[in-house]
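Participant: Structure file start-v9.csv, CSV, C-alpha atoms and all ligand atoms, is pasted below:
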chain,number,residue,atom,x,y,z
A,1,MET,CA,47.7,193.9,116.8
A,2,THR,CA,45.1,192.5,119.2
A,3,GLN,CA,41.4,193.3,118.9
A,4,SER,CA,41.4,196.1,121.4
A,5,THR,CA,44.9,197.6,120.8
A,6,TYR,CA,43.9,199.1,117.5
A,7,TRP,CA,40.8,200.8,118.8
A,8,ASN,CA,42.2,201.7,122.2
A,9,ARG,CA,44.9,203.7,120.5
A,10,ILE,CA,42.2,205.7,118.7
A,11,ALA,CA,39.9,206.1,121.8
A,12,ASP,CA,42.8,207.0,124.1
A,13,LYS,CA,44.1,209.7,121.9
A,14,ALA,CA,40.6,211.3,121.8
A,15,LYS,CA,40.1,210.8,125.5
A,16,LYS,CA,43.4,212.7,126.2
A,17,GLU,CA,41.9,215.6,124.3
A,18,HIS,CA,38.7,215.3,126.3
A,19,ARG,CA,36.6,214.5,123.2
A,20,PRO,CA,35.0,211.6,121.4
A,21,PHE,CA,36.8,210.1,118.4
A,22,PHE,CA,35.3,211.1,115.1
A,23,SER,CA,34.8,209.0,111.9
A,24,LEU,CA,33.8,209.7,108.3
A,25,ALA,CA,30.9,207.3,107.7
A,26,PRO,CA,31.3,204.6,105.1
A,27,MET,CA,29.5,205.8,102.0
A,28,GLU,CA,29.0,203.9,98.7
A,29,ALA,CA,30.5,205.7,95.7
A,30,VAL,CA,31.8,208.4,98.0
A,31,THR,CA,34.4,207.3,100.5
A,32,GLY,CA,36.9,205.8,98.1
A,33,SER,CA,40.6,206.6,98.3
A,34,VAL,CA,40.3,209.9,96.4
A,35,PHE,CA,37.6,211.4,98.6
A,36,ARG,CA,39.2,210.2,101.8
A,37,ARG,CA,42.3,212.1,100.8
A,38,VAL,CA,40.3,215.2,100.0
A,39,VAL,CA,38.7,215.1,103.5
A,40,ALA,CA,42.1,214.4,105.1
A,41,LYS,CA,43.4,217.5,103.4
A,42,ALA,CA,40.4,219.7,104.5
A,43,ALA,CA,40.2,218.5,108.1
A,44,ALA,CA,40.8,214.8,108.9
A,45,PRO,CA,38.6,212.7,111.3
A,46,ASP,CA,40.3,210.1,113.5
A,47,VAL,CA,38.8,207.2,111.5
A,48,PHE,CA,38.0,206.6,107.8
A,49,TYR,CA,35.9,203.7,106.4
A,50,THR,CA,35.8,202.4,102.9
A,51,GLU,CA,32.6,202.1,100.9
A,52,PHE,CA,31.0,198.7,101.7
A,53,THR,CA,32.4,195.8,99.7
A,54,ASN,CA,30.7,192.5,99.2
A,55,ALA,CA,32.6,189.8,101.1
A,56,LEU,CA,32.0,187.1,98.4
A,57,SER,CA,33.3,189.4,95.6
A,58,ILE,CA,36.6,190.0,97.3
A,59,THR,CA,37.9,186.5,96.5
A,60,HIS,CA,35.5,185.5,93.7
A,61,PRO,CA,37.4,184.9,90.5
A,62,LEU,CA,34.8,186.7,88.4
A,63,ALA,CA,34.2,189.6,90.8
A,64,LYS,CA,37.4,190.3,92.5
A,65,GLU,CA,38.8,192.6,89.8
A,66,ALA,CA,35.8,194.9,90.3
A,67,THR,CA,36.5,195.3,94.0
A,68,LYS,CA,40.1,196.6,93.4
A,69,GLY,CA,38.9,200.3,93.2
A,70,ARG,CA,36.9,200.0,96.4
A,71,LEU,CA,39.7,198.4,98.3
A,72,TYR,CA,42.5,200.5,97.0
A,73,ILE,CA,44.5,202.4,99.7
A,74,ASP,CA,46.9,205.0,98.5
A,75,PRO,CA,50.3,204.8,100.2
A,76,LYS,CA,49.8,208.5,101.2
A,77,GLU,CA,46.7,207.7,103.2
A,78,ASN,CA,47.2,208.2,106.9
A,79,PRO,CA,45.4,206.9,108.8
A,80,LYS,CA,44.5,203.9,106.6
A,81,PRO,CA,40.8,203.3,106.3
A,82,ILE,CA,38.9,200.5,107.9
A,83,VAL,CA,37.3,198.1,105.4
A,84,GLN,CA,33.6,197.7,105.6
A,85,LEU,CA,32.2,194.4,104.3
A,86,TRP,CA,28.7,193.1,103.7
A,87,GLY,CA,27.2,189.7,103.0
A,88,ASN,CA,25.5,186.8,104.7
A,89,LYS,CA,27.8,183.8,104.8
A,90,GLY,CA,30.4,183.2,107.4
A,91,GLU,CA,32.7,181.3,105.0
A,92,ASN,CA,32.8,184.3,102.6
A,93,PHE,CA,33.8,186.6,105.4
A,94,THR,CA,36.6,184.2,106.5
A,95,LYS,CA,38.1,184.2,103.0
A,96,ALA,CA,37.5,188.0,102.6
A,97,VAL,CA,39.2,189.0,105.9
A,98,LYS,CA,42.3,187.0,105.1
A,99,GLU,CA,42.5,188.7,101.7
A,100,VAL,CA,42.0,192.3,103.1
A,101,LYS,CA,44.6,191.6,105.7
A,102,LYS,CA,47.0,190.7,103.0
A,103,GLN,CA,46.2,193.9,101.3
A,104,GLY,CA,47.2,195.9,104.3
A,105,TYR,CA,43.9,196.6,106.2
A,106,GLU,CA,44.2,196.7,109.9
A,107,ALA,CA,40.6,196.6,111.0
A,108,ILE,CA,37.2,195.4,109.7
A,109,ASP,CA,33.7,196.7,110.0
A,110,LEU,CA,30.6,194.6,109.2
A,111,ASN,CA,27.6,196.3,107.6
A,112,MET,CA,24.4,195.4,109.4
A,113,GLY,CA,22.4,198.5,108.6
A,114,CYS,CA,22.2,199.0,104.8
A,115,PRO,CA,18.5,199.6,103.9
A,116,ASP,CA,19.0,199.1,100.1
A,117,ILE,CA,16.4,196.7,98.7
A,118,ALA,CA,18.9,194.8,96.6
A,119,VAL,CA,21.1,194.2,99.7
A,120,ILE,CA,18.1,193.1,101.8
A,121,LYS,CA,17.0,190.7,99.0
A,122,ASN,CA,20.5,189.2,99.4
A,123,HIS,CA,19.7,188.7,103.1
A,124,SER,CA,22.4,191.1,104.0
A,125,GLY,CA,22.8,194.6,105.5
A,126,SER,CA,19.8,195.6,107.7
A,127,ASP,CA,18.2,192.2,107.0
A,128,LEU,CA,20.6,190.7,109.5
A,129,ILE,CA,18.6,192.6,112.2
A,130,ARG,CA,15.8,190.1,111.5
A,131,HIS,CA,18.2,187.2,111.5
A,132,PHE,CA,20.3,186.9,114.6
A,133,ASP,CA,21.7,183.5,113.5
A,134,THR,CA,23.1,184.9,110.3
A,135,ALA,CA,24.5,187.9,112.1
A,136,LYS,CA,26.3,185.6,114.5
A,137,GLU,CA,27.6,183.5,111.6
A,138,VAL,CA,28.9,186.6,109.9
A,139,ILE,CA,30.7,187.9,113.0
A,140,GLU,CA,32.3,184.6,113.7
A,141,GLY,CA,33.3,184.1,110.0
A,142,ALA,CA,35.0,187.6,110.1
A,143,ARG,CA,36.9,186.8,113.3
A,144,GLN,CA,39.3,184.4,111.6
A,145,THR,CA,42.3,186.7,111.6
A,146,ASP,CA,43.7,188.8,114.4
A,147,LEU,CA,42.1,192.0,113.0
A,148,PRO,CA,39.5,193.7,115.1
A,149,VAL,CA,36.0,193.2,113.8
A,150,THR,CA,33.3,195.9,114.6
A,151,VAL,CA,29.7,196.3,113.6
A,152,LYS,CA,27.7,199.2,112.2
A,153,THR,CA,23.9,198.9,112.5
A,154,ARG,CA,20.6,200.5,113.0
A,155,LEU,CA,18.1,200.4,116.0
A,156,GLY,CA,15.8,197.9,114.3
A,157,TYR,CA,14.3,196.7,111.0
A,158,SER,CA,10.8,198.0,111.3
A,159,GLU,CA,10.1,198.8,114.9
A,160,ILE,CA,12.3,201.0,117.2
A,161,GLU,CA,11.7,198.6,120.1
A,162,GLU,CA,13.7,196.0,118.3
A,163,PHE,CA,16.8,197.7,119.7
A,164,GLU,CA,16.0,196.2,123.1
A,165,THR,CA,17.0,192.8,121.9
A,166,TRP,CA,19.2,193.5,118.9
A,167,ILE,CA,21.7,195.8,120.6
A,168,PRO,CA,22.3,193.5,123.6
A,169,PHE,CA,22.7,190.6,121.2
A,170,LEU,CA,25.5,192.5,119.4
A,171,LEU,CA,27.0,193.8,122.6
A,172,LYS,CA,27.3,190.2,123.9
A,173,LYS,CA,29.5,189.5,121.0
A,174,GLN,CA,32.0,191.8,122.7
A,175,VAL,CA,32.8,193.8,119.5
A,176,PRO,CA,35.4,196.5,120.1
A,177,VAL,CA,33.1,199.1,118.6
A,178,LEU,CA,29.4,199.2,118.0
A,179,THR,CA,28.3,202.0,115.7
A,180,VAL,CA,24.5,202.7,115.8
A,181,HIS,CA,22.8,204.8,113.2
A,182,VAL,CA,19.9,205.7,115.5
A,183,ARG,CA,17.0,205.0,113.2
A,184,THR,CA,15.3,201.8,112.0
A,185,ARG,CA,15.7,200.4,108.5
A,186,GLU,CA,12.1,201.5,107.6
A,187,GLU,CA,12.7,205.0,108.8
A,188,MET,CA,15.6,205.2,106.2
A,189,SER,CA,16.8,208.8,106.8
A,190,LYS,CA,13.3,210.3,106.7
A,191,VAL,CA,12.7,211.0,110.4
A,192,PRO,CA,15.0,212.8,112.8
A,193,ALA,CA,17.6,210.5,114.5
A,194,HIS,CA,16.5,209.1,117.8
A,195,TYR,CA,18.9,210.9,120.1
A,196,GLU,CA,16.4,210.3,123.0
A,197,LEU,CA,17.6,206.6,123.0
A,198,ILE,CA,21.3,207.3,123.3
A,199,ASP,CA,21.4,207.1,127.1
A,200,GLN,CA,19.7,203.7,126.9
A,201,LEU,CA,22.3,202.5,124.4
A,202,VAL,CA,25.0,203.7,126.8
A,203,GLN,CA,23.4,201.8,129.7
A,204,MET,CA,23.1,198.6,127.6
A,205,ARG,CA,26.8,199.0,126.7
A,206,ASP,CA,27.7,199.4,130.3
A,207,THR,CA,25.7,196.4,131.3
A,208,TYR,CA,26.6,193.9,128.6
A,209,ALA,CA,30.0,195.0,127.2
A,210,PRO,CA,31.8,197.7,129.2
A,211,ASP,CA,34.8,197.4,127.0
A,212,THR,CA,32.9,198.1,123.8
A,213,LEU,CA,33.2,201.6,122.4
A,214,LEU,CA,29.8,203.1,121.4
A,215,GLN,CA,29.8,205.2,118.3
A,216,ILE,CA,26.7,207.2,117.4
A,217,ASN,CA,25.6,208.1,113.9
A,218,GLY,CA,22.8,210.0,112.3
A,219,ASP,CA,22.2,213.7,111.4
A,220,ILE,CA,25.4,214.9,113.0
A,221,ALA,CA,26.4,217.9,110.9
A,222,ASP,CA,30.0,218.6,112.0
A,223,TYR,CA,32.6,218.4,114.7
A,224,GLN,CA,30.9,221.0,116.9
A,225,ALA,CA,27.5,219.2,116.7
A,226,GLY,CA,29.3,215.9,117.6
A,227,ILE,CA,31.0,217.5,120.6
A,228,LYS,CA,27.7,218.8,121.8
A,229,LEU,CA,25.9,215.5,121.4
A,230,ALA,CA,28.6,213.6,123.2
A,231,SER,CA,28.6,216.1,126.1
A,232,GLU,CA,24.8,215.7,126.4
A,233,HIS,CA,25.2,211.9,126.5
A,234,PRO,CA,28.1,210.9,128.7
A,235,GLY,CA,29.5,207.5,127.8
A,236,VAL,CA,29.3,208.0,124.0
A,237,ASP,CA,32.9,207.2,122.7
A,238,GLY,CA,32.7,208.0,119.1
A,239,ILE,CA,30.8,210.2,116.6
A,240,MET,CA,30.3,209.2,113.0
A,241,ILE,CA,29.4,211.8,110.3
A,242,GLY,CA,28.1,211.0,106.9
A,243,ARG,CA,26.1,213.5,104.8
A,244,GLY,CA,27.4,216.4,106.8
A,245,ILE,CA,30.5,216.2,104.6
A,246,PHE,CA,28.4,217.1,101.6
A,247,THR,CA,27.3,220.4,103.2
A,248,ASN,CA,30.7,221.2,104.5
A,249,PRO,CA,33.9,219.5,103.3
A,250,PHE,CA,35.5,221.0,106.5
A,251,ALA,CA,33.0,219.2,108.7
A,252,PHE,CA,35.8,217.7,110.9
A,253,GLU,CA,37.5,221.1,111.6
A,254,LYS,CA,37.9,221.6,115.3
A,255,GLU,CA,37.8,225.4,115.1
A,256,PRO,CA,35.2,226.4,112.5
A,257,LYS,CA,36.5,228.9,110.0
A,258,VAL,CA,35.1,230.7,107.0
A,259,HIS,CA,36.5,229.2,103.8
A,260,SER,CA,36.9,231.3,100.7
A,261,SER,CA,35.8,230.3,97.3
A,262,GLU,CA,39.5,230.0,96.3
A,263,GLU,CA,40.0,227.4,99.0
A,264,LEU,CA,36.9,225.4,98.0
A,265,LEU,CA,37.9,225.5,94.4
A,266,GLY,CA,41.4,224.4,95.4
A,267,LEU,CA,39.9,221.4,97.1
A,268,LEU,CA,37.9,220.6,94.0
A,269,ARG,CA,41.1,220.9,91.9
A,270,TYR,CA,42.8,218.6,94.3
A,271,GLN,CA,40.1,216.0,94.0
A,272,LEU,CA,40.2,216.2,90.2
A,273,ASP,CA,44.0,215.7,90.3
A,274,LEU,CA,43.8,212.8,92.6
A,275,TYR,CA,41.1,211.2,90.5
A,276,ASP,CA,43.4,211.5,87.4
A,277,GLU,CA,46.2,209.9,89.4
A,278,PHE,CA,43.9,207.1,90.5
A,279,VAL,CA,42.8,206.3,87.0
A,280,ALA,CA,46.4,206.5,85.7
A,281,LYS,CA,47.2,203.7,88.0
A,282,GLY,CA,44.9,201.5,85.9
A,283,ILE,CA,42.3,201.2,88.7
A,284,PRO,CA,38.8,201.1,87.4
A,285,GLY,CA,37.2,204.5,88.1
A,286,HIS,CA,34.2,206.3,86.9
A,287,PHE,CA,33.7,210.0,86.2
A,288,ALA,CA,30.0,210.1,87.0
A,289,PRO,CA,30.3,209.5,90.8
A,290,LEU,CA,32.8,212.3,90.9
A,291,GLN,CA,30.1,214.7,89.8
A,292,ARG,CA,28.1,214.2,93.0
A,293,PHE,CA,30.8,216.2,94.8
A,294,PHE,CA,30.8,219.3,92.6
A,295,LYS,CA,27.9,220.9,94.4
A,296,VAL,CA,29.8,220.5,97.7
A,297,TYR,CA,32.5,223.0,96.5
A,298,VAL,CA,30.3,225.6,94.8
A,299,ARG,CA,27.5,225.9,97.5
A,300,GLY,CA,27.1,229.5,98.5
A,301,MET,CA,28.9,230.9,95.5
A,302,LYS,CA,27.3,233.6,93.5
A,303,HIS,CA,25.4,231.9,90.5
A,304,ALA,CA,25.9,228.5,92.3
A,305,ALA,CA,23.0,226.9,90.4
A,306,GLU,CA,24.4,227.9,87.0
A,307,ILE,CA,27.9,226.8,87.9
A,308,ARG,CA,26.7,223.5,89.3
A,309,ASN,CA,24.7,222.9,86.1
A,310,ASP,CA,27.8,223.5,84.0
A,311,LEU,CA,29.9,221.2,86.2
A,312,MET,CA,27.3,218.5,85.8
A,313,GLN,CA,27.5,218.7,82.0
A,314,THR,CA,31.3,217.9,82.1
A,315,LYS,CA,32.5,214.6,80.9
A,316,THR,CA,36.2,214.7,81.9
A,317,THR,CA,38.3,216.3,84.7
A,318,ASP,CA,39.7,218.7,82.1
A,319,ASP,CA,36.2,219.9,81.3
A,320,ALA,CA,35.7,220.5,85.0
A,321,ARG,CA,38.9,222.4,85.2
A,322,VAL,CA,37.7,224.7,82.4
A,323,VAL,CA,34.6,225.5,84.5
A,324,ILE,CA,36.8,226.3,87.5
A,325,GLU,CA,38.9,228.7,85.4
A,326,ARG,CA,35.7,230.4,84.2
A,327,ILE,CA,34.7,230.9,87.8
A,328,GLU,CA,38.1,232.3,88.7
A,329,ASN,CA,38.0,234.6,85.7
A,330,GLY,CA,34.6,236.0,86.9
A,331,GLU,CA,32.7,234.7,83.9
A,332,TYR,CA,29.7,233.8,86.0
B,1,LIG,C1,25.6,208.1,99.5
B,1,LIG,C2,25.5,207.2,100.8
B,1,LIG,C3,26.1,206.0,100.8
B,1,LIG,C4,26.2,205.2,101.9
B,1,LIG,N1,26.8,204.0,101.9
B,1,LIG,C5,27.0,203.3,103.0
B,1,LIG,C6,27.8,202.1,103.1
B,1,LIG,O1,28.5,201.7,102.1
B,1,LIG,N2,27.9,201.5,104.3
B,1,LIG,C7,27.2,201.9,105.4
B,1,LIG,O2,27.4,201.3,106.5
B,1,LIG,N3,26.4,203.0,105.4
B,1,LIG,C8,26.3,203.7,104.2
B,1,LIG,N4,25.6,204.8,104.2
B,1,LIG,C9,24.9,205.3,105.5
B,1,LIG,C10,25.9,206.2,106.2
B,1,LIG,O3,27.1,205.6,106.6
B,1,LIG,C11,25.2,206.8,107.5
B,1,LIG,O4,24.9,205.7,108.3
B,1,LIG,C12,23.9,207.6,107.2
B,1,LIG,O5,24.2,208.5,106.1
B,1,LIG,C13,23.5,208.4,108.4
B,1,LIG,O6,24.5,209.3,108.8
B,1,LIG,P1,24.4,210.8,108.5
B,1,LIG,O7,23.1,211.4,108.9
B,1,LIG,O8,25.6,211.4,109.2
B,1,LIG,O9,24.6,210.9,107.0
B,1,LIG,C14,25.5,205.6,103.1
B,1,LIG,C15,24.9,206.9,103.1
B,1,LIG,C16,24.9,207.7,102.0
B,1,LIG,C17,24.2,209.0,102.0
I need this file expressed as C-alpha cells, please.
Ligand SMILES: Cc1cc2nc3c(=O)[nH]c(=O)nc-3n(C[C@H](O)[C@H](O)[C@H](O)COP(=O)(O)O)c2cc1C
Facilitator:
Amino acid sequence: MTQSTYWNRIADKAKKEHRPFFSLAPMEAVTGSVFRRVVAKAAAPDVFYTEFTNALSITHPLAKEATKGRLYIDPKENPKPIVQLWGNKGENFTKAVKEVKKQGYEAIDLNMGCPDIAVIKNHSGSDLIRHFDTAKEVIEGARQTDLPVTVKTRLGYSEIEEFETWIPFLLKKQVPVLTVHVRTREEMSKVPAHYELIDQLVQMRDTYAPDTLLQINGDIADYQAGIKLASEHPGVDGIMIGRGIFTNPFAFEKEPKVHSSEELLGLLRYQLDLYDEFVAKGIPGHFAPLQRFFKVYVRGMKHAAEIRNDLMQTKTTDDARVVIERIENGEY
C-alpha cells in the first residue's frame, strides 16, 4: 500500500461522515493489545496506536524478546494498530520498520514528543525538537519500506514559538499525518492545551504540505469535544484522545449514553479475561499495569473509593473477579 492510500482510506471514510477521524493516543503501559480490544468493544475510534517501542530493541538480540508484548497484535483486532517507534538513529529505524512490517504492521508513527527524562537523555522523543538533523535521519531511516511513516510531536521543547520553525520543518518532509500535542515539552500536561494556535497550524499545513493530514491532540475529553474542536478549526483532519479514556471508557461513542454499573463491570471482566488469554499465550505480561484501569470502571459507583482500594490490593485476575462479585452482591 502506498504512503497515502492507507491514510486516505481512513480520512475519506471520516469525511464521508462529515467528521474528523478519531484516534486513541499511544500510551505506554496502556494501549497494548488487551486495552485496545476493550476500547474497541466499548466504542472504537478509527485508529489505534501501540505503546511506543524502542527502535533498537526491536531487532537487538538481547532486547527483542521484551518487545514481543508491546508489538503483539491479536488476530481479532480490527483495525490493526499503528506501531509507534522511538529512538535516535536512522539505521535502527531501518531495521525496525522491516521487522514490524514482517510482523503485520501496516503503518508507522515516530515519537518526537515524549517528555520523559530517560528518553530525552537518550536524545530521543521531544529532544528531537532541538535536533532537526536527528529528526531528519530518523524519518529517512524509517522510510525504508513502503509503509506510511507519520510523526507525533509537540509545539516545541521549551518555548511555544519553536513551533514556527519545527512544524514547517516536519511538514516539508511531507509526512502523511502530523499529530501535534499542542503543548511544549516543558509544559508537560500542566497547562491547558494551546487551541489558540490550531488555526496557525492549519495554515502552515496548507502552505507547506497540503496533502498532510493534521491531527490535534491534548485535553480532548471525548468524541463530542473532538467534533466541537474540529468544527471550530476548519482544516483539522484528525482528533487524538489519550487520558479521556481513563475518565470514560466509552469516550469514542458517537451518541453519548448513560452506562450502568453492570456494563462497566462487564467491561472490566472482559479486560481481565483478555489479560488471562494474553498471558496464556506465553507473552510477557504484568498484573500491576492492569490495576491502573480499575478506577476507570468503578468511578461514580457508590463506595467507589473503598472498591478501588480493594481492587488495588488484588494480585491476580481471580482476586479482582472476587471483588467484582462482591460489588454485584451488594457487599459494599
Ligand atoms: C500513561 C501515558 C502514557 C503515554 N505514552 C505515550 C507514548 O508511548 N507515546 C506517545 O507518543 N505519547 C504518549 N503519551 C502522551 C499521549 O499520547 C498524549 O499525547 C497526551 O496524553 C496528551 O493527550 P490527552 O490530553 O488526550 O491525554 C502518554 C500519555 C500518558 C498519560
Participant: Around (35.0, 180.1, 106.0) in the file's frame, which residues reach within 10 Å when counting all atoms listed in the file? Return as a list in words?
Facilitator: Lys89, Gly90, Glu91, Asn92, Phe93, Thr94, Lys95, Ala96, Val97, Glu137, Val138, Glu140, Gly141, Ala142 and Gln144 of chain A
Participant: Quick one, how far is atom CA of Phe163 of chain A from atom CA of Asn122 of chain A?
Facilitator: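 Result for atom CA of Phe163 of chain A versus atom CA of Asn122 of chain A: 22.3 Å, one decimal.
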Participant: Kindly indicate which residue among A:Asp109, A:Asp273, A:Asp237, A:Glu164 lies nearest to ligand LIG 1 (chain B), using all atoms listed in the file for the distances.
Facilitator: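 Closest to ligand LIG 1 (chain B) of all the choices is A:Asp109.
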Participant: What lies within 10 Å of Val323 of chain A using all atoms listed in the file, ignoring chain neighbours under 5 positions off, as a list in words?
Facilitator: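 Returned residues: Ile307, Arg308, Asp310, Leu311, Thr314, Thr317, Asp318, Glu328, Asn329, Glu331 and Tyr332 of chain A.
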Participant: Could the residues of chain A that have an atom at most 8 Å from ligand LIG 1 (chain B) be listed as JSON lines, each with its closest atom pair and the distance in Å to one decimal, counting all atoms listed in the file and ordered by chain and ascending residue number?
Facilitator:
{"residue": "A:Ala25", "atom": "CA", "partner": "B:LIG1", "partner_atom": "O3", "distance": 4.3}
{"residue": "A:Pro26", "atom": "CA", "partner": "B:LIG1", "partner_atom": "O3", "distance": 4.6}
{"residue": "A:Met27", "atom": "CA", "partner": "B:LIG1", "partner_atom": "N1", "distance": 3.2}
{"residue": "A:Glu28", "atom": "CA", "partner": "B:LIG1", "partner_atom": "N1", "distance": 3.9}
{"residue": "A:Ala29", "atom": "CA", "partner": "B:LIG1", "partner_atom": "C1", "distance": 6.6}
{"residue": "A:Val30", "atom": "CA", "partner": "B:LIG1", "partner_atom": "C1", "distance": 6.4}
{"residue": "A:Thr50", "atom": "CA", "partner": "B:LIG1", "partner_atom": "O1", "distance": 7.4}
{"residue": "A:Glu51", "atom": "CA", "partner": "B:LIG1", "partner_atom": "O1", "distance": 4.3}
{"residue": "A:Phe52", "atom": "CA", "partner": "B:LIG1", "partner_atom": "O1", "distance": 3.9}
{"residue": "A:Thr53", "atom": "CA", "partner": "B:LIG1", "partner_atom": "O1", "distance": 7.5}
{"residue": "A:Gln84", "atom": "CA", "partner": "B:LIG1", "partner_atom": "N2", "distance": 7.0}
{"residue": "A:Leu110", "atom": "CA", "partner": "B:LIG1", "partner_atom": "O2", "distance": 7.9}
{"residue": "A:Asn111", "atom": "CA", "partner": "B:LIG1", "partner_atom": "O2", "distance": 5.1}
{"residue": "A:Met112", "atom": "CA", "partner": "B:LIG1", "partner_atom": "O2", "distance": 7.2}
{"residue": "A:Gly113", "atom": "CA", "partner": "B:LIG1", "partner_atom": "O2", "distance": 6.1}
{"residue": "A:Cys114", "atom": "CA", "partner": "B:LIG1", "partner_atom": "C7", "distance": 5.8}
{"residue": "A:Lys152", "atom": "CA", "partner": "B:LIG1", "partner_atom": "O2", "distance": 6.1}
{"residue": "A:Thr153", "atom": "CA", "partner": "B:LIG1", "partner_atom": "O2", "distance": 7.3}
{"residue": "A:His181", "atom": "CA", "partner": "B:LIG1", "partner_atom": "O4", "distance": 5.4}
{"residue": "A:Ser189", "atom": "CA", "partner": "B:LIG1", "partner_atom": "C13", "distance": 6.9}
{"residue": "A:Ala193", "atom": "CA", "partner": "B:LIG1", "partner_atom": "O7", "distance": 7.9}
{"residue": "A:Asn217", "atom": "CA", "partner": "B:LIG1", "partner_atom": "O6", "distance": 5.4}
{"residue": "A:Gly218", "atom": "CA", "partner": "B:LIG1", "partner_atom": "O7", "distance": 3.7}
{"residue": "A:Asp219", "atom": "CA", "partner": "B:LIG1", "partner_atom": "O7", "distance": 3.5}
{"residue": "A:Ile220", "atom": "CA", "partner": "B:LIG1", "partner_atom": "O8", "distance": 5.2}
{"residue": "A:Ala221", "atom": "CA", "partner": "B:LIG1", "partner_atom": "O8", "distance": 6.8}
{"residue": "A:Met240", "atom": "CA", "partner": "B:LIG1", "partner_atom": "O8", "distance": 6.4}
{"residue": "A:Ile241", "atom": "CA", "partner": "B:LIG1", "partner_atom": "O8", "distance": 4.0}
{"residue": "A:Gly242", "atom": "CA", "partner": "B:LIG1", "partner_atom": "O8", "distance": 3.4}
{"residue": "A:Arg243", "atom": "CA", "partner": "B:LIG1", "partner_atom": "O9", "distance": 3.7}
{"residue": "A:Gly244", "atom": "CA", "partner": "B:LIG1", "partner_atom": "O8", "distance": 5.8}
Participant: Between atom CA of Ile198 of chain A and atom CA of Lys13 of chain A, what is the spacing in Å?
Facilitator: 23.0 Å
Participant: So how many Å separate atom CA of Thr150 of chain A and atom CA of Asp127 of chain A, to one decimal?
Facilitator: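 According to the coordinates, atom CA of Thr150 of chain A and atom CA of Asp127 of chain A are separated by 17.3 Å.
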Participant: Give me, as a list in words, all polymer residues having an atom no more than 12 Å from Ala320 of chain A, counting only C-alpha atoms and skipping those fewer than 5 positions away in the same chain.
Facilitator: Leu265, Leu268, Arg269, Tyr270, Gln271, Leu272, Asp273, Phe287, Leu290, Gln291, Phe293, Phe294, Ile307, Arg308, Asn309, Asp310, Leu311, Met312, Gln313, Thr314, Lys315, Glu325, Arg326 and Ile327 of chain A
Participant: Which residues are close to His123 of chain A, i.e. within 12 Å by all atoms listed in the file, leaving aside same-chain residues fewer than 3 positions away? Reply as a list in words.
Facilitator: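 Using all atoms listed in the file, the neighbours found are Trp86, Gly87, Asn88, Lys89, Asn111, Met112, Gly113, Cys114, Pro115, Asp116, Ile117, Ala118, Val119, Ile120, Ser126, Asp127, Leu128, Ile129, Arg130, His131, Phe132, Asp133, Thr134, Ala135 and Val138 of chain A.
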Participant: What residues have an atom no more than 10 Å from (30.4, 218.6, 117.9) in the file's own frame, counting all atoms listed in the file, and can you write them as a CSV table (one decimal) with C-alpha atoms, keeping the file's coordinate frame?
Facilitator:
chain,number,residue,atom,x,y,z
A,19,ARG,CA,36.6,214.5,123.2
A,20,PRO,CA,35.0,211.6,121.4
A,22,PHE,CA,35.3,211.1,115.1
A,220,ILE,CA,25.4,214.9,113.0
A,221,ALA,CA,26.4,217.9,110.9
A,222,ASP,CA,30.0,218.6,112.0
A,223,TYR,CA,32.6,218.4,114.7
A,224,GLN,CA,30.9,221.0,116.9
A,225,ALA,CA,27.5,219.2,116.7
A,226,GLY,CA,29.3,215.9,117.6
A,227,ILE,CA,31.0,217.5,120.6
A,228,LYS,CA,27.7,218.8,121.8
A,229,LEU,CA,25.9,215.5,121.4
A,230,ALA,CA,28.6,213.6,123.2
A,231,SER,CA,28.6,216.1,126.1
A,239,ILE,CA,30.8,210.2,116.6
A,251,ALA,CA,33.0,219.2,108.7
A,252,PHE,CA,35.8,217.7,110.9
A,253,GLU,CA,37.5,221.1,111.6
A,254,LYS,CA,37.9,221.6,115.3
Participant: List the neighbours of Tyr297 of chain A out to 9 Å using all atoms listed in the file; skip same-chain residues closer than 4 positions along the sequence, and give me the result as a PyMOL selection string.
Facilitator: chain A and resi 246-249+261+264-265+267-268+293+301
Participant: Considering all atoms listed in the file, can you say which of A:Lys80, A:Arg143, A:Ala63, A:Ile283 comes closest to Lys98 of chain A?
Facilitator: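 Between A:Lys80, A:Arg143, A:Ala63, A:Ile283, the residue approaching Lys98 of chain A most closely is A:Arg143.
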Participant: Using all atoms listed in the file, find the one residue out of A:Leu213, A:Leu85, A:Ala44, A:Val39 that sits nearest to Leu56 of chain A.
Facilitator: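 Residue with the minimum atom-to-atom distance to Leu56 of chain A: A:Leu85.
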Participant: Would you please work out which residue, of A:Lys102, A:Ala107, A:Gly238, A:Lys121, is nearest to Asp12 of chain A when using only C-alpha atoms?
Facilitator: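 Comparing A:Lys102, A:Ala107, A:Gly238, A:Lys121 against Asp12 of chain A, the winner is A:Gly238.
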Participant: Could N, CA and C atoms be built for segment 46-52 of chain A and written out as a JSON list (two decimals), keeping the file's coordinate frame?
Facilitator:
[["chain", "number", "residue", "atom", "x", "y", "z"],
["A", 46, "ASP", "N", 39.39, 211.10, 112.93],
["A", 46, "ASP", "CA", 40.30, 210.10, 113.50],
["A", 46, "ASP", "C", 40.26, 208.81, 112.66],
["A", 47, "VAL", "N", 39.07, 208.52, 112.10],
["A", 47, "VAL", "CA", 38.80, 207.20, 111.50],
["A", 47, "VAL", "C", 38.16, 207.41, 110.11],
["A", 48, "PHE", "N", 38.65, 206.65, 109.12],
["A", 48, "PHE", "CA", 38.00, 206.60, 107.80],
["A", 48, "PHE", "C", 37.50, 205.17, 107.56],
["A", 49, "TYR", "N", 36.41, 205.05, 106.84],
["A", 49, "TYR", "CA", 35.90, 203.70, 106.40],
["A", 49, "TYR", "C", 35.86, 203.71, 104.88],
["A", 50, "THR", "N", 36.03, 202.54, 104.31],
["A", 50, "THR", "CA", 35.80, 202.40, 102.90],
["A", 50, "THR", "C", 34.33, 202.35, 102.57],
["A", 51, "GLU", "N", 33.98, 202.38, 101.31],
["A", 51, "GLU", "CA", 32.60, 202.10, 100.90],
["A", 51, "GLU", "C", 32.40, 200.59, 101.25],
["A", 52, "PHE", "N", 31.17, 200.15, 101.39],
["A", 52, "PHE", "CA", 31.00, 198.70, 101.70],
["A", 52, "PHE", "C", 31.37, 197.86, 100.50]]
